[in-house]
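Pasting structure-v4.cif here (mmCIF, C-alpha atoms):
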data_my_file
#
loop_
_atom_site.label_atom_id
_atom_site.label_comp_id
_atom_site.auth_asym_id
_atom_site.auth_seq_id
_atom_site.Cartn_x
_atom_site.Cartn_y
_atom_site.Cartn_z
CA MET Q 1 75.66 108.09 106.80
CA LYS Q 2 74.59 105.01 104.81
CA LYS Q 3 73.35 105.03 101.22
CA MET Q 4 72.11 102.29 98.92
CA VAL Q 5 73.44 102.74 95.38
CA LYS Q 6 71.75 100.96 92.47
CA SER Q 7 73.36 102.60 89.44
CA LEU Q 8 76.44 104.48 88.28
CA THR Q 9 74.29 107.62 88.22
CA ASP Q 10 73.52 107.09 91.93
CA LEU Q 11 77.21 106.50 92.60
CA GLU Q 12 78.21 109.67 90.75
CA SER Q 13 75.67 111.70 92.72
CA LEU Q 14 77.05 110.27 95.96
CA ALA Q 15 80.64 111.02 94.87
CA ASP Q 16 79.63 114.59 94.00
CA ASP Q 17 78.03 115.08 97.43
CA PHE Q 18 81.10 113.61 99.12
CA LEU Q 19 83.51 115.89 97.24
CA LYS Q 20 81.53 118.94 98.32
CA LYS Q 21 82.07 117.97 101.96
CA LEU Q 22 85.84 117.52 101.77
CA LYS Q 23 87.92 120.06 103.65
CA LYS Q 24 91.47 120.78 102.53
CA GLY Q 25 94.06 120.85 105.25
CA LYS Q 26 97.77 121.43 105.65
CA ARG Q 27 98.57 118.05 104.09
CA ALA Q 28 97.01 115.82 101.45
CA THR Q 29 93.38 114.80 101.80
CA LEU Q 30 93.29 111.04 102.33
CA VAL Q 31 90.16 109.00 101.70
CA THR Q 32 90.28 105.31 102.57
CA LEU Q 33 88.06 102.94 100.59
CA THR Q 34 87.27 99.67 102.36
CA GLY Q 35 85.28 96.74 100.98
CA ASP Q 36 85.47 93.37 99.31
CA LEU Q 37 86.43 92.83 95.68
CA GLY Q 38 83.70 94.11 93.39
CA SER Q 39 82.09 96.31 96.03
CA GLY Q 40 82.53 99.57 94.10
CA LYS Q 41 85.78 101.14 95.28
CA THR Q 42 87.27 101.68 91.81
CA ALA Q 43 83.89 102.66 90.35
CA PHE Q 44 83.64 105.35 93.03
CA THR Q 45 87.14 106.58 92.15
CA GLN Q 46 86.14 106.72 88.47
CA ARG Q 47 83.12 108.89 89.33
CA VAL Q 48 85.28 111.19 91.50
CA GLY Q 49 87.76 111.53 88.63
CA LYS Q 50 85.00 112.36 86.17
CA ILE Q 51 83.60 115.05 88.46
CA LEU Q 52 87.09 116.52 88.92
CA GLY Q 53 87.49 116.77 85.14
CA ILE Q 54 89.85 113.87 84.43
CA LYS Q 55 89.49 112.84 80.80
CA ALA Q 56 91.74 109.74 81.00
CA LYS Q 57 90.21 106.36 81.71
CA ILE Q 58 90.64 105.52 85.39
CA THR Q 59 91.38 101.85 85.96
CA SER Q 60 92.27 99.87 89.04
CA PRO Q 61 95.91 100.26 90.06
CA THR Q 62 96.03 96.73 91.51
CA PHE Q 63 99.08 95.68 89.51
CA VAL Q 64 100.92 99.02 89.40
CA ILE Q 65 99.79 99.95 92.94
CA GLU Q 66 99.55 103.69 92.25
CA LYS Q 67 98.20 105.92 89.50
CA LYS Q 68 98.41 109.70 89.44
CA TYR Q 69 96.11 112.02 87.52
CA LYS Q 70 96.79 115.72 87.05
CA LEU Q 71 93.64 117.73 87.71
CA PRO Q 72 92.46 120.64 85.58
CA PRO Q 73 91.99 123.97 87.39
CA ALA Q 74 88.23 123.38 87.45
CA GLY Q 75 86.21 120.20 87.24
CA ARG Q 76 82.72 119.60 85.93
CA GLY Q 77 80.62 122.73 86.03
CA GLY Q 78 83.72 124.89 86.42
CA ILE Q 79 84.00 124.13 90.13
CA SER Q 80 87.51 124.26 91.59
CA THR Q 81 88.35 121.99 94.52
CA GLY Q 82 91.86 123.36 94.93
CA TYR Q 83 93.40 119.92 94.40
CA LYS Q 84 96.14 119.61 91.80
CA GLN Q 85 96.38 115.83 91.62
CA LEU Q 86 94.24 112.75 92.23
CA ILE Q 87 96.30 109.80 93.45
CA HIS Q 88 94.66 106.37 93.36
CA ILE Q 89 96.45 103.69 95.38
CA ASP Q 90 95.54 100.02 95.67
CA ALA Q 91 97.32 98.52 98.68
CA TYR Q 92 95.95 95.00 98.15
CA ARG Q 93 99.38 93.55 97.32
CA LEU Q 94 101.26 95.46 100.03
CA ASN Q 95 102.33 93.99 103.35
CA SER Q 96 102.68 97.09 105.51
CA GLY Q 97 103.05 100.84 105.48
CA ARG Q 98 106.76 100.39 104.80
CA ASP Q 99 105.80 99.34 101.26
CA LEU Q 100 104.07 102.72 100.76
CA LEU Q 101 107.27 104.54 101.69
CA ALA Q 102 108.82 103.19 98.47
CA LEU Q 103 106.17 105.19 96.57
CA SER Q 104 107.35 108.48 98.14
CA TRP Q 105 104.47 108.31 100.62
CA ASP Q 106 105.95 110.99 102.88
CA GLU Q 107 106.02 113.49 100.00
CA ILE Q 108 102.58 112.48 98.69
CA ILE Q 109 100.84 112.77 102.06
CA ALA Q 110 102.56 116.08 102.88
CA ASN Q 111 101.28 117.87 99.76
CA PRO Q 112 97.93 119.67 100.38
CA GLY Q 113 97.34 119.70 96.60
CA ASN Q 114 96.87 115.92 96.59
CA LEU Q 115 93.60 114.08 96.92
CA ILE Q 116 94.45 110.45 97.70
CA LEU Q 117 91.95 107.61 97.34
CA LEU Q 118 93.40 104.52 98.99
CA GLU Q 119 91.89 101.06 98.48
CA TRP Q 120 92.62 98.28 100.99
CA PRO Q 121 93.82 100.61 103.79
CA GLU Q 122 93.82 97.73 106.28
CA LYS Q 123 96.96 96.42 104.52
CA VAL Q 124 98.89 99.59 105.42
CA LYS Q 125 97.08 100.68 108.57
CA ASP Q 126 100.35 101.23 110.43
CA ILE Q 127 101.10 104.31 108.28
CA ILE Q 128 97.60 105.78 107.89
CA PRO Q 129 96.95 108.96 109.90
CA ALA Q 130 93.97 108.85 112.28
CA ASP Q 131 92.16 111.83 110.79
CA VAL Q 132 91.18 110.55 107.36
CA TYR Q 133 87.91 110.28 105.48
CA LYS Q 134 86.64 106.69 105.53
CA ILE Q 135 84.21 105.11 103.09
CA ASN Q 136 83.00 101.51 103.40
CA PHE Q 137 81.57 99.61 100.43
CA LYS Q 138 79.40 96.53 100.75
CA PHE Q 139 78.29 94.30 97.87
CA VAL Q 140 74.54 93.65 98.24
CA ASP Q 141 73.69 92.10 94.88
CA ASP Q 142 74.66 92.46 91.21
CA SER Q 143 73.03 95.88 90.98
CA SER Q 144 73.23 97.25 94.53
CA ARG Q 145 75.94 98.46 96.86
CA GLU Q 146 75.68 99.84 100.37
CA ILE Q 147 78.06 102.72 100.96
CA SER Q 148 78.70 104.30 104.34
CA PHE Q 149 80.79 107.26 105.39
#
Take the structure in the file and give it back as structure tokens.
Amino acid sequence: MKKMVKSLTDLESLADDFLKKLKKGKRATLVTLTGDLGSGKTAFTQRVGKILGIKAKITSPTFVIEKKYKLPPAGRGGISTGYKQLIHIDAYRLNSGRDLLALSWDEIIANPGNLILLEWPEKVKDIIPADVYKINFKFVDDSSREISF
């Protein structure tokens, strides 16, 4: 599926639709976010966080690599996703999956209560499971992004 997004409202609607399609499994739900700088990966994560009821400001974890946000029992509209934590990882500065292991990756990925949004998955592709949700972001112009699932 491909969508053209021209506003944050469009992006939030797309994030809402995407969240409704997620299926929890026996381990964490991993969503990889691929695209160039400025293509909308962090903005998408911010919209997901808002929908899930996170009040804190979500910023890019480029320098700290990982940020964790505890989720309220129910997000916007009182809807519960069953996730307990949103984990936002930016692998841009990592060299391989071994670098993720230092962040307790094995524990994070094993916990079905975690929803993980991972930017720059190509940097750690050696540790990414095959069965993940994948979203690609493409910068079109200053006000448009093409997003495909």
Skip Q:Lys2 itself and residues of its chain fewer than 6 positions away, then list as a PDB file with C-alpha atoms, in the frame of the given file all residues within 8 Å of it, counting only C-alpha atoms.
ATOM      1  CA  GLU Q 146      75.680  99.840 100.370  1.00  0.00           C
ATOM      2  CA  ILE Q 147      78.060 102.720 100.960  1.00  0.00           C
ATOM      3  CA  SER Q 148      78.700 104.300 104.340  1.00  0.00           C
ATOM      4  CA  PHE Q 149      80.790 107.260 105.390  1.00  0.00           C
TER       5      PHE Q 149
END
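Atom to atom, atom CA of Q:Leu11 and atom CA of Q:Ser39 stand 11.8 Å apart.
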**Item:** Chain and number of each residue from the PyMOL selection byres ((chain Q and resi 117) around 7), as a PyMOL selection string
**Value:** chain Q and resi 30-33+87-89+115-116+118-119
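Residues surrounding Q:Ala28 within 9 Å are Tyr83, Ile108, Ile109, Ala110, Asn111, Pro112, Gly113, Asn114, Leu115 and Ile116 of chain Q [all atoms listed in the file; sequence separation below 6 positions excluded].
What the PyMOL selection byres ((chain Q and resi 126-133) around 9) matches in the given file is Q:Leu22, Q:Thr29, Q:Leu30, Q:Val31, Q:Thr32, Q:Leu33, Q:Ser96, Q:Gly97, Q:Arg98, Q:Leu100, Q:Pro121, Q:Glu122, Q:Lys123, Q:Val124, Q:Lys125, Q:Lys134, Q:Ile135, Q:Phe149.
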Selected by the PyMOL selection byres ((chain Q and resi 60) around 12) in the shown coordinates: which residues, as a short mmCIF file (atom, residue, chain, number, x, y, z; two decimals) with C-alpha atoms, in the coordinates of the input?
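Output (result.cif):
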data_model
loop_
_atom_site.label_atom_id
_atom_site.label_comp_id
_atom_site.auth_asym_id
_atom_site.auth_seq_id
_atom_site.Cartn_x
_atom_site.Cartn_y
_atom_site.Cartn_z
CA LEU Q 37 86.43 92.83 95.68
CA GLY Q 38 83.70 94.11 93.39
CA GLY Q 40 82.53 99.57 94.10
CA LYS Q 41 85.78 101.14 95.28
CA THR Q 42 87.27 101.68 91.81
CA ALA Q 43 83.89 102.66 90.35
CA PHE Q 44 83.64 105.35 93.03
CA THR Q 45 87.14 106.58 92.15
CA GLN Q 46 86.14 106.72 88.47
CA LYS Q 57 90.21 106.36 81.71
CA ILE Q 58 90.64 105.52 85.39
CA THR Q 59 91.38 101.85 85.96
CA PRO Q 61 95.91 100.26 90.06
CA THR Q 62 96.03 96.73 91.51
CA PHE Q 63 99.08 95.68 89.51
CA VAL Q 64 100.92 99.02 89.40
CA ILE Q 65 99.79 99.95 92.94
CA GLU Q 66 99.55 103.69 92.25
CA LYS Q 67 98.20 105.92 89.50
CA LYS Q 68 98.41 109.70 89.44
CA ILE Q 87 96.30 109.80 93.45
CA HIS Q 88 94.66 106.37 93.36
CA ILE Q 89 96.45 103.69 95.38
CA ASP Q 90 95.54 100.02 95.67
CA ALA Q 91 97.32 98.52 98.68
CA TYR Q 92 95.95 95.00 98.15
CA LEU Q 117 91.95 107.61 97.34
CA LEU Q 118 93.40 104.52 98.99
CA GLU Q 119 91.89 101.06 98.48
#
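Counting all atoms listed in the file and comparing Q:Leu101, Q:Leu71, Q:Leu14, Q:Val5, the residue that lies closest to Q:Gly49 is Q:Leu71.
Between atom CA of Q:Trp105 and atom CA of Q:Lys24 the separation is 18.1 Å.
The coordinates place atom CA of Q:Asp141 at 23.3 Å from atom CA of Q:Asp16.
Counting all atoms listed in the file, the residue from Q:Lys50, Q:Trp120, Q:Ala102, Q:Asp17 that sits nearest to Q:Phe137 is Q:Trp120.
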Complete stretch 29-40 of chain Q at the level of all heavy atoms, written as a tab-separated table (two decimals), keeping the file's coordinate frame.
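The new file out_39.tsv reads:
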chain	number	residue	atom	x	y	z
Q	29	THR	N	94.65	115.34	101.34
Q	29	THR	CA	93.38	114.80	101.80
Q	29	THR	C	93.38	113.32	101.47
Q	29	THR	O	93.51	112.94	100.31
Q	29	THR	CB	92.19	115.51	101.12
Q	29	THR	OG1	92.27	116.91	101.41
Q	29	THR	CG2	90.87	114.95	101.60
Q	30	LEU	N	93.26	112.49	102.50
Q	30	LEU	CA	93.29	111.04	102.33
Q	30	LEU	C	91.92	110.47	102.58
Q	30	LEU	O	91.30	110.72	103.61
Q	30	LEU	CB	94.31	110.42	103.28
Q	30	LEU	CG	94.41	108.90	103.29
Q	30	LEU	CD1	94.78	108.34	101.92
Q	30	LEU	CD2	95.45	108.46	104.33
Q	31	VAL	N	91.45	109.68	101.60
Q	31	VAL	CA	90.16	109.00	101.70
Q	31	VAL	C	90.44	107.51	101.59
Q	31	VAL	O	90.98	107.05	100.58
Q	31	VAL	CB	89.19	109.43	100.57
Q	31	VAL	CG1	87.85	108.74	100.72
Q	31	VAL	CG2	89.03	110.95	100.54
Q	32	THR	N	90.08	106.76	102.63
Q	32	THR	CA	90.28	105.31	102.57
Q	32	THR	C	89.00	104.65	102.07
Q	32	THR	O	87.89	105.03	102.46
Q	32	THR	CB	90.69	104.73	103.94
Q	32	THR	OG1	89.66	104.97	104.89
Q	32	THR	CG2	92.00	105.33	104.41
Q	33	LEU	N	89.17	103.67	101.20
Q	33	LEU	CA	88.06	102.94	100.59
Q	33	LEU	C	88.17	101.48	101.00
Q	33	LEU	O	89.09	100.79	100.58
Q	33	LEU	CB	88.12	103.07	99.06
Q	33	LEU	CG	88.27	104.49	98.49
Q	33	LEU	CD1	88.43	104.45	96.98
Q	33	LEU	CD2	87.10	105.37	98.89
Q	34	THR	N	87.23	101.03	101.83
Q	34	THR	CA	87.27	99.67	102.36
Q	34	THR	C	86.09	98.87	101.83
Q	34	THR	O	84.96	99.38	101.78
Q	34	THR	CB	87.20	99.71	103.90
Q	34	THR	OG1	88.26	100.53	104.39
Q	34	THR	CG2	87.32	98.33	104.50
Q	35	GLY	N	86.34	97.62	101.45
Q	35	GLY	CA	85.28	96.74	100.98
Q	35	GLY	C	85.86	95.58	100.20
Q	35	GLY	O	87.01	95.61	99.76
Q	36	ASP	N	85.04	94.56	100.04
Q	36	ASP	CA	85.47	93.37	99.31
Q	36	ASP	C	85.68	93.67	97.84
Q	36	ASP	O	85.26	94.72	97.32
Q	36	ASP	CB	84.42	92.26	99.45
Q	36	ASP	CG	84.34	91.73	100.87
Q	36	ASP	OD1	85.36	91.75	101.58
Q	36	ASP	OD2	83.24	91.30	101.27
Q	37	LEU	N	86.29	92.73	97.13
Q	37	LEU	CA	86.43	92.83	95.68
Q	37	LEU	C	85.05	93.00	95.05
Q	37	LEU	O	84.09	92.34	95.45
Q	37	LEU	CB	87.09	91.57	95.12
Q	37	LEU	CG	88.57	91.37	95.42
Q	37	LEU	CD1	89.01	89.97	95.01
Q	37	LEU	CD2	89.41	92.42	94.73
Q	38	GLY	N	84.96	93.91	94.10
Q	38	GLY	CA	83.70	94.11	93.39
Q	38	GLY	C	82.66	94.91	94.15
Q	38	GLY	O	81.50	94.96	93.75
Q	39	SER	N	83.06	95.57	95.23
Q	39	SER	CA	82.09	96.31	96.03
Q	39	SER	C	81.90	97.76	95.58
Q	39	SER	O	81.01	98.44	96.08
Q	39	SER	CB	82.46	96.25	97.52
Q	39	SER	OG	83.72	96.85	97.74
Q	40	GLY	N	82.74	98.24	94.65
Q	40	GLY	CA	82.53	99.57	94.10
Q	40	GLY	C	83.61	100.60	94.36
Q	40	GLY	O	83.44	101.77	94.04
